[in-house]
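Asker: Take a look at upload_36.json, JSON, C-alpha atoms:
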```json
[["chain", "number", "residue", "atom", "x", "y", "z"],
["P", 1, "MET", "CA", 0.00, 0.00, 0.00],
["P", 2, "PHE", "CA", 2.94, 2.30, 0.76],
["P", 3, "VAL", "CA", 4.33, 1.89, -2.77],
["P", 4, "GLU", "CA", 0.86, 2.29, -4.24],
["P", 5, "ARG", "CA", 0.56, 5.70, -2.61],
["P", 6, "TYR", "CA", 3.87, 6.89, -3.99],
["P", 7, "PHE", "CA", 3.05, 5.54, -7.42],
["P", 8, "GLY", "CA", -0.35, 7.27, -7.29],
["P", 9, "PHE", "CA", 1.28, 10.58, -6.36],
["P", 10, "PHE", "CA", 3.81, 10.12, -9.18],
["P", 11, "LEU", "CA", 0.98, 9.53, -11.66],
["P", 12, "LEU", "CA", -0.83, 12.57, -10.26],
["P", 13, "PHE", "CA", 2.31, 14.64, -10.88],
["P", 14, "VAL", "CA", 2.62, 13.34, -14.47],
["P", 15, "CYS", "CA", -1.08, 14.01, -15.05],
["P", 16, "THR", "CA", -0.69, 17.56, -13.74],
["P", 17, "VAL", "CA", 2.25, 18.17, -16.10],
["P", 18, "PHE", "CA", 0.19, 16.96, -19.06],
["P", 19, "LEU", "CA", -2.76, 19.07, -17.95],
["P", 20, "ILE", "CA", -0.57, 22.17, -17.81],
["P", 21, "MET", "CA", 0.93, 21.31, -21.22],
["P", 22, "SER", "CA", -2.56, 20.90, -22.71],
["P", 23, "PHE", "CA", -3.34, 24.55, -21.98],
["P", 24, "GLY", "CA", -0.72, 25.47, -24.59],
["P", 25, "LEU", "CA", -2.82, 23.84, -27.32],
["P", 26, "PRO", "CA", -5.91, 25.45, -28.84],
["P", 27, "VAL", "CA", -9.28, 23.99, -27.86],
["P", 28, "TYR", "CA", -10.96, 25.13, -31.07],
["P", 29, "SER", "CA", -9.48, 25.30, -34.52],
["P", 30, "THR", "CA", -9.87, 28.44, -36.58],
["P", 31, "ASN", "CA", -11.14, 26.31, -39.49],
["P", 32, "LEU", "CA", -14.94, 26.40, -39.25],
["P", 33, "GLY", "CA", -14.94, 26.08, -35.47],
["P", 34, "ALA", "CA", -13.67, 22.49, -35.53],
["P", 35, "VAL", "CA", -12.21, 20.76, -32.50],
["P", 36, "GLY", "CA", -8.64, 21.80, -31.84],
["P", 37, "ALA", "CA", -5.62, 19.79, -30.76],
["P", 38, "GLY", "CA", -6.01, 20.69, -27.09],
["P", 39, "LEU", "CA", -9.55, 19.52, -26.40],
["P", 40, "PHE", "CA", -8.99, 15.78, -25.97],
["P", 41, "PRO", "CA", -5.70, 16.03, -24.02],
["P", 42, "ARG", "CA", -7.36, 18.52, -21.67],
["P", 43, "ILE", "CA", -10.46, 16.36, -21.14],
["P", 44, "ILE", "CA", -8.40, 13.20, -20.61],
["P", 45, "SER", "CA", -6.00, 14.97, -18.25],
["P", 46, "ILE", "CA", -8.84, 16.39, -16.17],
["P", 47, "LEU", "CA", -10.60, 13.01, -15.98],
["P", 48, "LEU", "CA", -7.37, 11.24, -15.08],
["P", 49, "PHE", "CA", -6.63, 13.88, -12.44],
["P", 50, "LEU", "CA", -10.07, 13.44, -10.86],
["P", 51, "PHE", "CA", -9.89, 9.63, -10.91],
["P", 52, "LEU", "CA", -6.39, 9.68, -9.40],
["P", 53, "CYS", "CA", -7.52, 12.03, -6.64],
["P", 54, "PHE", "CA", -10.45, 9.73, -5.89],
["P", 55, "HIS", "CA", -8.15, 6.68, -5.92],
["P", 56, "LEU", "CA", -5.62, 8.32, -3.60],
["P", 57, "PHE", "CA", -8.46, 9.39, -1.29],
["P", 58, "GLN", "CA", -9.64, 5.79, -1.11],
["P", 59, "ILE", "CA", -6.11, 4.57, -0.36],
["P", 60, "MET", "CA", -5.63, 7.14, 2.38],
["P", 61, "ARG", "CA", -8.91, 6.10, 4.02],
["P", 62, "LEU", "CA", -7.89, 2.49, 4.33],
["P", 63, "LYS", "CA", -6.29, 1.49, 7.57],
["P", 64, "LYS", "CA", -2.71, 0.38, 7.36],
["P", 65, "LYS", "CA", -2.30, -3.32, 7.71],
["P", 66, "GLU", "CA", 1.05, -4.95, 8.23],
["P", 67, "ALA", "CA", 0.34, -7.67, 5.67],
["P", 68, "GLU", "CA", -0.48, -5.14, 2.96],
["P", 69, "GLU", "CA", 2.66, -3.13, 3.67],
["P", 70, "GLN", "CA", 4.83, -5.99, 2.47],
["P", 71, "VAL", "CA", 5.34, -5.63, -1.25],
["P", 72, "ASP", "CA", 7.24, -8.41, -2.95],
["P", 73, "LYS", "CA", 10.35, -7.62, -4.95],
["P", 74, "LYS", "CA", 8.74, -8.55, -8.26],
["P", 75, "THR", "CA", 5.96, -5.98, -7.86],
["P", 76, "ARG", "CA", 8.39, -3.29, -6.77],
["P", 77, "PHE", "CA", 10.66, -4.04, -9.75],
["P", 78, "GLN", "CA", 7.70, -3.85, -12.14],
["P", 79, "GLN", "CA", 6.60, -0.49, -10.76],
["P", 80, "ILE", "CA", 10.11, 0.98, -10.92],
["P", 81, "PHE", "CA", 10.58, -0.41, -14.44],
["P", 82, "LEU", "CA", 7.27, 1.12, -15.53],
["P", 83, "ILE", "CA", 8.18, 4.57, -14.17],
["P", 84, "VAL", "CA", 11.68, 4.57, -15.66],
["P", 85, "PHE", "CA", 10.48, 3.26, -19.02],
["P", 86, "LEU", "CA", 7.66, 5.84, -19.11],
["P", 87, "VAL", "CA", 10.15, 8.67, -18.56],
["P", 88, "VAL", "CA", 12.43, 7.24, -21.28],
["P", 89, "THR", "CA", 9.46, 6.95, -23.66],
["P", 90, "ILE", "CA", 8.47, 10.57, -23.11],
["P", 91, "GLY", "CA", 12.06, 11.64, -23.72],
["P", 92, "LEU", "CA", 12.38, 9.54, -26.87],
["P", 93, "SER", "CA", 9.09, 10.72, -28.36],
["P", 94, "TYR", "CA", 10.81, 13.74, -29.93],
["P", 95, "VAL", "CA", 13.86, 11.73, -30.99],
["P", 96, "ILE", "CA", 12.34, 8.65, -32.65],
["P", 97, "GLY", "CA", 8.77, 9.88, -32.93],
["P", 98, "MET", "CA", 5.65, 9.60, -30.82],
["P", 99, "LEU", "CA", 4.16, 6.54, -32.50],
["P", 100, "ALA", "CA", 7.43, 4.60, -32.50],
["P", 101, "SER", "CA", 8.21, 5.35, -28.84],
["P", 102, "ILE", "CA", 4.67, 4.52, -27.70],
["P", 103, "GLY", "CA", 4.75, 1.33, -29.76],
["P", 104, "VAL", "CA", 7.99, 0.19, -28.13],
["P", 105, "PHE", "CA", 6.65, 1.15, -24.69],
["P", 106, "MET", "CA", 3.35, -0.69, -25.12],
["P", 107, "PHE", "CA", 4.89, -3.84, -26.55],
["P", 108, "THR", "CA", 7.56, -3.98, -23.84],
["P", 109, "ILE", "CA", 5.11, -3.46, -21.01],
["P", 110, "LEU", "CA", 2.59, -5.95, -22.40],
["P", 111, "ALA", "CA", 5.11, -8.66, -23.30],
["P", 112, "PHE", "CA", 7.61, -8.44, -20.47],
["P", 113, "VAL", "CA", 5.82, -6.93, -17.49],
["P", 114, "GLN", "CA", 2.27, -8.22, -17.99],
["P", 115, "LYS", "CA", 3.52, -11.50, -19.54],
["P", 116, "ILE", "CA", 1.02, -11.40, -22.40],
["P", 117, "PRO", "CA", 2.04, -13.66, -25.31],
["P", 118, "TRP", "CA", 4.13, -11.86, -27.90],
["P", 119, "PHE", "CA", 1.67, -12.25, -30.75],
["P", 120, "LYS", "CA", -1.22, -10.79, -28.75],
["P", 121, "ALA", "CA", 0.98, -7.95, -27.43],
["P", 122, "PHE", "CA", 2.22, -7.16, -30.94],
["P", 123, "THR", "CA", -1.30, -7.27, -32.41],
["P", 124, "PHE", "CA", -2.74, -5.05, -29.67],
["P", 125, "THR", "CA", 0.15, -2.58, -30.05],
["P", 126, "ILE", "CA", -0.32, -2.34, -33.82],
["P", 127, "VAL", "CA", -4.10, -1.83, -33.48],
["P", 128, "VAL", "CA", -3.63, 0.94, -30.89],
["P", 129, "LEU", "CA", -0.96, 2.66, -33.02],
["P", 130, "ILE", "CA", -3.22, 2.56, -36.08],
["P", 131, "MET", "CA", -6.07, 4.03, -34.02],
["P", 132, "MET", "CA", -3.77, 6.77, -32.70],
["P", 133, "TYR", "CA", -2.63, 7.60, -36.23],
["P", 134, "VAL", "CA", -6.18, 7.74, -37.56],
["P", 135, "ILE", "CA", -7.46, 9.84, -34.66],
["P", 136, "PHE", "CA", -4.64, 12.36, -34.43],
["P", 137, "GLU", "CA", -3.23, 12.58, -37.95],
["P", 138, "LEU", "CA", -6.28, 12.02, -40.13],
["P", 139, "TRP", "CA", -9.33, 12.93, -38.05],
["P", 140, "LEU", "CA", -8.03, 15.78, -35.86],
["P", 141, "ASP", "CA", -5.29, 16.85, -38.29],
["P", 142, "SER", "CA", -2.98, 17.20, -35.29],
["P", 143, "PRO", "CA", 0.54, 16.10, -36.16],
["P", 144, "LEU", "CA", 2.39, 13.92, -33.70],
["P", 145, "PRO", "CA", 6.13, 14.37, -33.20],
["P", 146, "LEU", "CA", 7.85, 12.43, -36.01],
["P", 147, "GLY", "CA", 11.44, 12.44, -34.76],
["P", 148, "ILE", "CA", 13.90, 10.83, -37.14],
["P", 149, "PHE", "CA", 11.05, 9.58, -39.34],
["P", 150, "GLY", "CA", 9.98, 13.11, -40.28]]
```
Give the structure from the file, written as structure tokens.
Answerer:
Amino acid sequence: MFVERYFGFFLLFVCTVFLIMSFGLPVYSTNLGAVGAGLFPRIISILLFLFLCFHLFQIMRLKKKEAEEQVDKKTRFQQIFLIVFLVVTIGLSYVIGMLASIGVFMFTILAFVQKIPWFKAFTFTIVVLIMMYVIFELWLDSPLPLGIFG
């Protein structure tokens, strides 16, 4: 439970950073009043912020139990790996591109941390990347960082 609190506060910090960054994007486009690039990141950041606050409130309400305080090494390693790899992915998004870095992140987390079979992890990653491309590049006309592929 102790690690879960710290991880929740870390996610709350990351969510707050993304929320602040979303205010730099326009909510409405000047082309016929269409939806701008900042609407969905702002909505998702606000929802994630509210859900994380609710989750942390629920964790704080629970009484500490000695059995729950013991976190095995595997869980701790997975949480640390997730945080470090998330930071690396964010840093690499401008170097190798957003879709490529998110693809590597998703496949690695699904295949190695969650132990999902490689074929299913690869298929799910490809489907999510195609959906991201269609939503951001084609539908919203909001370019993602291309990195070395641009």
Asker: Please, what distance in Å, to one decimal, runs between atom CA of P:Phe136 and atom CA of P:Val104?
Answerer: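 Result for atom CA of P:Phe136 versus atom CA of P:Val104: 18.6 Å, one decimal.
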Asker: Please identify all polymer residues lying at most 12 Å from the point (-3.5, 28.6, -24.6) (file coordinates), using all atoms listed in the file, and present the result as a PDB file with C-alpha atoms, keeping the file's coordinate frame.
Answerer:
```
ATOM      1  CA  LEU P  19      -2.760  19.070 -17.950  1.00  0.00           C
ATOM      2  CA  ILE P  20      -0.570  22.170 -17.810  1.00  0.00           C
ATOM      3  CA  MET P  21       0.930  21.310 -21.220  1.00  0.00           C
ATOM      4  CA  SER P  22      -2.560  20.900 -22.710  1.00  0.00           C
ATOM      5  CA  PHE P  23      -3.340  24.550 -21.980  1.00  0.00           C
ATOM      6  CA  GLY P  24      -0.720  25.470 -24.590  1.00  0.00           C
ATOM      7  CA  LEU P  25      -2.820  23.840 -27.320  1.00  0.00           C
ATOM      8  CA  PRO P  26      -5.910  25.450 -28.840  1.00  0.00           C
ATOM      9  CA  VAL P  27      -9.280  23.990 -27.860  1.00  0.00           C
ATOM     10  CA  TYR P  28     -10.960  25.130 -31.070  1.00  0.00           C
ATOM     11  CA  GLY P  36      -8.640  21.800 -31.840  1.00  0.00           C
ATOM     12  CA  ALA P  37      -5.620  19.790 -30.760  1.00  0.00           C
ATOM     13  CA  GLY P  38      -6.010  20.690 -27.090  1.00  0.00           C
ATOM     14  CA  LEU P  39      -9.550  19.520 -26.400  1.00  0.00           C
ATOM     15  CA  ARG P  42      -7.360  18.520 -21.670  1.00  0.00           C
TER      16      ARG P  42
END
```
Asker: Check the smallest atom-to-atom distance from each of P:Gln114, P:Phe122, P:Leu86, P:Ile44 to P:Lys74 using all atoms listed in the file, then report the winner.
Answerer: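 For P:Lys74, the nearest of the given residues is P:Gln114.
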Asker: With all atoms listed in the file as the basis for distance, which of P:Ala100, P:Val14, P:Val3, P:Ile43 is at the shortest distance from P:Ile59?
Answerer: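 Of P:Ala100, P:Val14, P:Val3, P:Ile43, the one nearest P:Ile59, counting all atoms listed in the file, is P:Val3.
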Asker: Of the candidates P:Lys120, P:Tyr133, P:Ile148, P:Arg76, which one gets nearest to P:Ser93 if we count all atoms listed in the file?
Answerer: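 Looking at the shortest contact to P:Ser93, the residue is P:Ile148.
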Asker: I'd like the contact shell of P:Leu47 - 12 Å cut-off, only C-alpha atoms, skipping same-chain residues fewer than 3 positions apart - returned as a list in words.
Answerer: Leu12, Cys15, Thr16, Phe18, Leu19, Phe40, Pro41, Arg42, Ile43, Ile44, Leu50, Phe51, Leu52, Cys53 and Phe54 of chain P
Asker: Would you put the residues from that selection into a file with C-alpha atoms, as a tab-separated table (two decimals), in the frame of the given file?
Answerer:
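Result saved to again33.tsv:
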```tsv
chain	number	residue	atom	x	y	z
P	12	LEU	CA	-0.83	12.57	-10.26
P	15	CYS	CA	-1.08	14.01	-15.05
P	16	THR	CA	-0.69	17.56	-13.74
P	18	PHE	CA	0.19	16.96	-19.06
P	19	LEU	CA	-2.76	19.07	-17.95
P	40	PHE	CA	-8.99	15.78	-25.97
P	41	PRO	CA	-5.70	16.03	-24.02
P	42	ARG	CA	-7.36	18.52	-21.67
P	43	ILE	CA	-10.46	16.36	-21.14
P	44	ILE	CA	-8.40	13.20	-20.61
P	50	LEU	CA	-10.07	13.44	-10.86
P	51	PHE	CA	-9.89	9.63	-10.91
P	52	LEU	CA	-6.39	9.68	-9.40
P	53	CYS	CA	-7.52	12.03	-6.64
P	54	PHE	CA	-10.45	9.73	-5.89
```
Asker: My list of candidates is P:Ile130, P:Phe81, P:Phe119, P:Phe9. Which is closest to P:Phe105 when distances are computed with all atoms listed in the file?
Answerer: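 Using all atoms listed in the file, the shortest distance to P:Phe105 belongs to P:Phe81.
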Asker: Go ahead and compute the interatomic distance for atom CA of P:Gly8 and atom CA of P:Val87, in Å to one decimal.
Answerer: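 Atom CA of P:Val87 lies 15.5 Å from atom CA of P:Gly8.
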